[in-house]
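So this block is protein.tsv, TSV, C-alpha atoms and all ligand atoms:
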```tsv
chain	number	residue	atom	x	y	z
A	22	MET	CA	88.69	96.09	102.55
A	23	GLU	CA	86.69	98.33	100.23
A	24	ASN	CA	83.03	99.28	100.19
A	25	ASN	CA	81.32	99.29	96.80
A	26	SER	CA	79.10	102.25	97.55
A	27	CYS	CA	81.75	104.45	99.13
A	28	ILE	CA	83.05	107.52	97.30
A	29	PHE	CA	86.35	107.60	99.21
A	30	CYS	CA	86.97	103.92	98.33
A	31	ASP	CA	86.29	104.92	94.71
A	32	ILE	CA	88.79	107.77	95.05
A	33	ALA	CA	91.34	105.38	96.62
A	34	ASN	CA	90.90	102.98	93.69
A	35	GLY	CA	91.04	105.73	91.06
A	36	VAL	CA	87.43	105.04	89.99
A	37	LEU	CA	86.50	108.61	90.95
A	38	PRO	CA	88.84	111.50	90.14
A	39	SER	CA	90.36	113.69	92.85
A	40	GLU	CA	93.13	116.21	93.24
A	41	LYS	CA	95.49	113.91	95.13
A	42	LEU	CA	98.20	115.83	96.90
A	43	TYR	CA	99.84	112.65	98.18
A	44	GLU	CA	99.28	108.92	98.23
A	45	ASP	CA	101.11	105.78	99.21
A	46	ALA	CA	100.00	102.19	99.80
A	47	SER	CA	97.83	102.92	102.85
A	48	VAL	CA	96.92	106.63	102.99
A	49	MET	CA	96.12	109.60	100.74
A	50	ALA	CA	95.44	113.34	100.91
A	51	PHE	CA	93.29	115.26	98.43
A	52	LEU	CA	91.56	118.63	98.16
A	53	ASP	CA	88.01	118.78	99.53
A	54	ILE	CA	85.54	119.20	96.65
A	55	ASN	CA	83.49	121.61	98.74
A	56	PRO	CA	86.05	123.54	100.81
A	57	ILE	CA	85.42	126.00	103.63
A	58	ALA	CA	88.87	127.55	103.05
A	59	ASP	CA	91.46	127.56	100.25
A	60	GLY	CA	93.55	124.42	100.64
A	61	HIS	CA	90.97	122.55	102.77
A	62	THR	CA	92.38	119.03	102.56
A	63	LEU	CA	91.13	115.57	103.48
A	64	VAL	CA	93.54	112.96	104.83
A	65	VAL	CA	92.14	109.48	104.39
A	66	PRO	CA	93.13	105.83	104.91
A	67	LYS	CA	92.72	103.77	101.74
A	68	LYS	CA	91.15	100.93	103.71
A	69	HIS	CA	87.41	101.35	104.31
A	70	ILE	CA	87.18	102.27	107.99
A	71	VAL	CA	84.18	104.27	109.17
A	72	SER	CA	85.30	105.78	112.49
A	73	PHE	CA	88.42	106.96	114.24
A	74	HIS	CA	88.22	104.43	117.09
A	75	GLU	CA	88.37	101.56	114.57
A	76	LEU	CA	91.88	102.48	113.45
A	77	ASP	CA	94.66	100.09	114.43
A	78	SER	CA	97.67	101.78	115.94
A	79	ASN	CA	99.93	101.32	112.90
A	80	LEU	CA	97.47	102.93	110.53
A	81	ALA	CA	96.67	105.60	113.13
A	82	CYS	CA	100.35	106.44	113.21
A	83	THR	CA	100.66	106.63	109.41
A	84	LEU	CA	97.49	108.68	109.11
A	85	THR	CA	98.41	111.20	111.80
A	86	SER	CA	101.90	111.50	110.40
A	87	LEU	CA	100.51	112.43	106.96
A	88	THR	CA	98.03	114.82	108.62
A	89	SER	CA	100.93	116.55	110.31
A	90	LYS	CA	102.85	116.84	107.03
A	91	VAL	CA	99.79	118.28	105.29
A	92	ALA	CA	99.41	120.84	108.10
A	93	GLU	CA	103.06	121.80	107.75
A	94	ALA	CA	102.67	122.20	103.97
A	95	LEU	CA	99.58	124.41	104.41
A	96	LEU	CA	101.36	126.59	106.97
A	97	SER	CA	104.41	127.09	104.80
A	98	GLU	CA	102.81	127.29	101.35
A	99	LEU	CA	99.63	129.21	102.17
A	100	ASN	CA	101.07	131.25	105.04
A	101	CYS	CA	98.02	130.56	107.14
A	102	ASP	CA	98.08	131.61	110.80
A	103	GLY	CA	96.84	128.24	112.05
A	104	TYR	CA	94.80	125.22	111.08
A	105	ASN	CA	92.09	122.91	112.38
A	106	VAL	CA	92.26	119.13	112.26
A	107	LEU	CA	88.70	117.82	112.43
A	108	CYS	CA	87.34	114.31	112.35
A	109	ASN	CA	83.56	113.87	112.38
A	110	ASN	CA	82.45	110.44	113.61
A	111	GLY	CA	78.82	109.42	113.13
A	112	SER	CA	76.00	111.44	111.63
A	113	ALA	CA	75.31	112.99	115.05
A	114	ALA	CA	78.78	114.52	114.82
A	115	GLY	CA	78.29	115.72	111.25
A	116	GLN	CA	79.91	112.81	109.38
A	117	VAL	CA	78.44	112.69	105.89
A	118	VAL	CA	80.93	110.40	104.16
A	119	SER	CA	81.11	107.15	106.14
A	120	HIS	CA	84.79	106.54	105.45
A	121	LEU	CA	87.17	107.95	108.05
A	122	HIS	CA	88.86	111.24	107.15
A	123	PHE	CA	90.61	114.13	108.81
A	124	HIS	CA	89.80	117.61	107.57
A	125	VAL	CA	92.84	119.89	107.64
A	126	ILE	CA	91.55	123.44	107.36
A	127	PRO	CA	93.85	126.45	106.95
A	128	ARG	CA	92.89	129.31	109.28
A	129	PHE	CA	93.58	133.04	109.19
A	130	LEU	CA	93.15	135.40	112.12
A	131	GLY	CA	89.62	136.83	112.05
A	132	ASP	CA	88.38	134.49	109.29
A	133	GLY	CA	85.27	133.72	111.39
A	134	LEU	CA	85.18	130.04	110.41
A	135	LEU	CA	83.95	127.45	112.92
A	136	ASP	CA	83.03	130.16	115.40
A	137	LYS	CA	82.77	129.55	119.11
A	138	TRP	CA	81.56	126.35	120.76
A	139	GLN	CA	78.53	126.73	122.96
A	140	THR	CA	79.65	125.80	126.45
A	141	TYR	CA	77.58	125.06	129.52
A	142	GLU	CA	78.01	123.70	133.04
A	143	TYR	CA	76.64	120.41	134.29
A	144	SER	CA	76.15	119.32	137.88
A	145	GLU	CA	79.03	118.13	140.05
A	146	GLN	CA	77.17	114.83	140.53
A	147	ARG	CA	76.80	114.18	136.80
A	148	ARG	CA	80.40	115.23	136.22
A	149	SER	CA	81.59	112.82	138.87
A	150	GLU	CA	79.49	109.91	137.45
A	151	ILE	CA	80.91	110.56	134.02
A	152	PHE	CA	84.44	110.82	135.35
A	153	ASP	CA	84.06	107.42	137.09
A	154	LYS	CA	82.65	105.66	134.03
A	155	ILE	CA	85.22	106.92	131.55
A	156	SER	CA	88.25	106.50	133.79
A	157	LYS	CA	87.18	102.92	134.63
A	158	ARG	CA	86.83	102.11	130.92
A	159	LEU	CA	90.28	103.50	130.22
A	160	SER	CA	92.08	101.71	133.04
A	201	LIG	P1	82.19	114.94	106.64
A	201	LIG	O1	81.01	115.83	106.89
A	201	LIG	O2	81.80	113.53	106.31
A	201	LIG	O3	83.22	115.03	107.72
A	201	LIG	O4	82.89	115.57	105.36
A	201	LIG	C1	82.92	114.99	104.11
A	201	LIG	C2	83.70	115.91	103.21
A	201	LIG	O5	83.98	115.23	102.00
A	201	LIG	C3	82.99	117.21	102.85
A	201	LIG	O6	83.77	118.33	103.26
A	201	LIG	C4	82.81	117.14	101.34
A	201	LIG	O7	82.95	118.38	100.71
A	201	LIG	C5	83.90	116.16	100.94
A	201	LIG	N1	83.57	115.37	99.76
A	201	LIG	C6	82.41	114.69	99.53
A	201	LIG	N2	82.45	114.06	98.35
A	201	LIG	C7	83.66	114.34	97.79
A	201	LIG	C8	84.29	113.96	96.56
A	201	LIG	O8	83.74	113.24	95.73
A	201	LIG	N3	85.54	114.45	96.36
A	201	LIG	C9	86.18	115.25	97.26
A	201	LIG	N4	87.41	115.67	96.94
A	201	LIG	N5	85.62	115.62	98.43
A	201	LIG	C10	84.37	115.17	98.70
A	202	ZN	ZN	85.25	103.57	101.84
```
Now that the file is in, can you turn its structure into structure tokens?
Amino acid sequence: MENNSCIFCDIANGVLPSEKLYEDASVMAFLDINPIADGHTLVVPKKHIVSFHELDSNLACTLTSLTSKVAEALLSELNCDGYNVLCNNGSAAGQVVSHLHFHVIPRFLGDGLLDKWQTYEYSEQRRSEIFDKISKRLS
């Protein structure tokens, strides 16, 4: 259930302090210690799960519901123009803390955060191979 060397497990158990905005038996939300915007919040399951795809559907539902409430609170209390919900999975994707979390980041027009993705085109053949593999896996 918990991982002894995990800071978010320690936060869940109250071993490490945090500015908890909300908690119940299975999920919590607290301010990011190193924010990229005022109100940058982390929404986290209390159970030690590393990646998004490991969530069972009940916990996924509870976690996304809290994420939505946090987003609503940021919109109404900080008057931000929008927000990002980000979930980094694996070090290749920028995950530093190996305990699943959603970042909810308030955004203001022109704030310049998380600027443009670099896009590119790949071949029709590669695209079609990828389409076949993923759609088969999902069916
Ligand atoms: P990741 O790159 O894993 O998606 O993001 C981890 C986030 O956790 C970072 O934004 C970092 O600032 C935040 N963080 C790391 N350690 C702590 C901590 O002890 N307390 C809080 N509140 N946030 C933390
Ligand atoms: Zn953990």
Measure the distance from atom CA of Leu84 of chain A to atom CA of His122 of chain A in Å and round it to one decimal. 9.2 Å
Given 6 Å and all atoms listed in the file, residues near ligand ZN 202 (chain A) as a VMD selection string: chain A and resid 23 to 24 27 29 to 30 69 120
Selected residue, from A:Ile155, A:Cys108, A:Ala46, A:Val36, that lies nearest to ligand LIG 201 (chain A) when counting all atoms listed in the file: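 Checking each of A:Ile155, A:Cys108, A:Ala46, A:Val36 against ligand LIG 201 (chain A), counting all atoms listed in the file, the winner is A:Cys108.
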Neighbours of ligand LIG 201 (chain A) within 10 Å, counting all atoms listed in the file, as a ChimeraX atom specification? /A:27-29,31-32,37-41,50-57,61-63,71,107-112,114-124
Let me see the file: selected residues, C-alpha atoms, as an mmCIF file, in the frame of the given file.
```cif
data_model
loop_
_atom_site.group_PDB
_atom_site.id
_atom_site.type_symbol
_atom_site.label_atom_id
_atom_site.label_comp_id
_atom_site.auth_asym_id
_atom_site.auth_seq_id
_atom_site.Cartn_x
_atom_site.Cartn_y
_atom_site.Cartn_z
ATOM 1 C CA CYS A 27 81.750 104.450 99.130
ATOM 2 C CA ILE A 28 83.050 107.520 97.300
ATOM 3 C CA PHE A 29 86.350 107.600 99.210
ATOM 4 C CA ASP A 31 86.290 104.920 94.710
ATOM 5 C CA ILE A 32 88.790 107.770 95.050
ATOM 6 C CA LEU A 37 86.500 108.610 90.950
ATOM 7 C CA PRO A 38 88.840 111.500 90.140
ATOM 8 C CA SER A 39 90.360 113.690 92.850
ATOM 9 C CA GLU A 40 93.130 116.210 93.240
ATOM 10 C CA LYS A 41 95.490 113.910 95.130
ATOM 11 C CA ALA A 50 95.440 113.340 100.910
ATOM 12 C CA PHE A 51 93.290 115.260 98.430
ATOM 13 C CA LEU A 52 91.560 118.630 98.160
ATOM 14 C CA ASP A 53 88.010 118.780 99.530
ATOM 15 C CA ILE A 54 85.540 119.200 96.650
ATOM 16 C CA ASN A 55 83.490 121.610 98.740
ATOM 17 C CA PRO A 56 86.050 123.540 100.810
ATOM 18 C CA ILE A 57 85.420 126.000 103.630
ATOM 19 C CA HIS A 61 90.970 122.550 102.770
ATOM 20 C CA THR A 62 92.380 119.030 102.560
ATOM 21 C CA LEU A 63 91.130 115.570 103.480
ATOM 22 C CA VAL A 71 84.180 104.270 109.170
ATOM 23 C CA LEU A 107 88.700 117.820 112.430
ATOM 24 C CA CYS A 108 87.340 114.310 112.350
ATOM 25 C CA ASN A 109 83.560 113.870 112.380
ATOM 26 C CA ASN A 110 82.450 110.440 113.610
ATOM 27 C CA GLY A 111 78.820 109.420 113.130
ATOM 28 C CA SER A 112 76.000 111.440 111.630
ATOM 29 C CA ALA A 114 78.780 114.520 114.820
ATOM 30 C CA GLY A 115 78.290 115.720 111.250
ATOM 31 C CA GLN A 116 79.910 112.810 109.380
ATOM 32 C CA VAL A 117 78.440 112.690 105.890
ATOM 33 C CA VAL A 118 80.930 110.400 104.160
ATOM 34 C CA SER A 119 81.110 107.150 106.140
ATOM 35 C CA HIS A 120 84.790 106.540 105.450
ATOM 36 C CA LEU A 121 87.170 107.950 108.050
ATOM 37 C CA HIS A 122 88.860 111.240 107.150
ATOM 38 C CA PHE A 123 90.610 114.130 108.810
ATOM 39 C CA HIS A 124 89.800 117.610 107.570
#
```
For a quick check of understanding, using only C-alpha atoms, which of A:Thr88, A:Asn100, A:Ser72, A:Ser156 has the smallest distance to Arg128 of chain A?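 With only C-alpha atoms as the atom set, the closest residue is A:Asn100.
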Correct to one decimal, the distance atom CA of Ala94 of chain A-atom CA of Leu76 of chain A is 24.4 Å
Compile a residue-level contact table for segment 75-111 of chain A against segment 134-147 of chain A at a cut-off of 12 Å, reporting for every qualifying residue the shortest atom pair and its distance in Å to one decimal, with only C-alpha atoms counted, rows ordered by chain and ascending number, as JSON lines.
```
{"residue": "A:Gly103", "atom": "CA", "partner": "A:Leu134", "partner_atom": "CA", "distance": 11.9}
{"residue": "A:Tyr104", "atom": "CA", "partner": "A:Leu134", "partner_atom": "CA", "distance": 10.8}
{"residue": "A:Asn105", "atom": "CA", "partner": "A:Leu135", "partner_atom": "CA", "distance": 9.3}
{"residue": "A:Val106", "atom": "CA", "partner": "A:Leu135", "partner_atom": "CA", "distance": 11.8}
{"residue": "A:Leu107", "atom": "CA", "partner": "A:Leu135", "partner_atom": "CA", "distance": 10.7}
```
How would the residues just chosen look if you wrote them out with C-alpha atoms as a PDB file, in the coordinates of the input?
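Saved result, part-v6.pdb, follows:
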```
ATOM      1  CA  GLY A 103      96.840 128.240 112.050  1.00  0.00           C
ATOM      2  CA  TYR A 104      94.800 125.220 111.080  1.00  0.00           C
ATOM      3  CA  ASN A 105      92.090 122.910 112.380  1.00  0.00           C
ATOM      4  CA  VAL A 106      92.260 119.130 112.260  1.00  0.00           C
ATOM      5  CA  LEU A 107      88.700 117.820 112.430  1.00  0.00           C
TER       6      LEU A 107
END
```
One number please: atom CA of Leu159 of chain A to atom CA of His74 of chain A, in Å, one decimal. 13.3 Å
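If you measure from each of A:Leu130, A:Ala113, A:Leu95, A:Ile70 to Leu42 of chain A using only C-alpha atoms, the closest one turns out to be A:Leu95.
Proximity ranking of A:Pro66, A:Pro127, A:Gly133, A:Gly35 relative to Val91 of chain A places A:Pro127 first, based on all atoms listed in the file.
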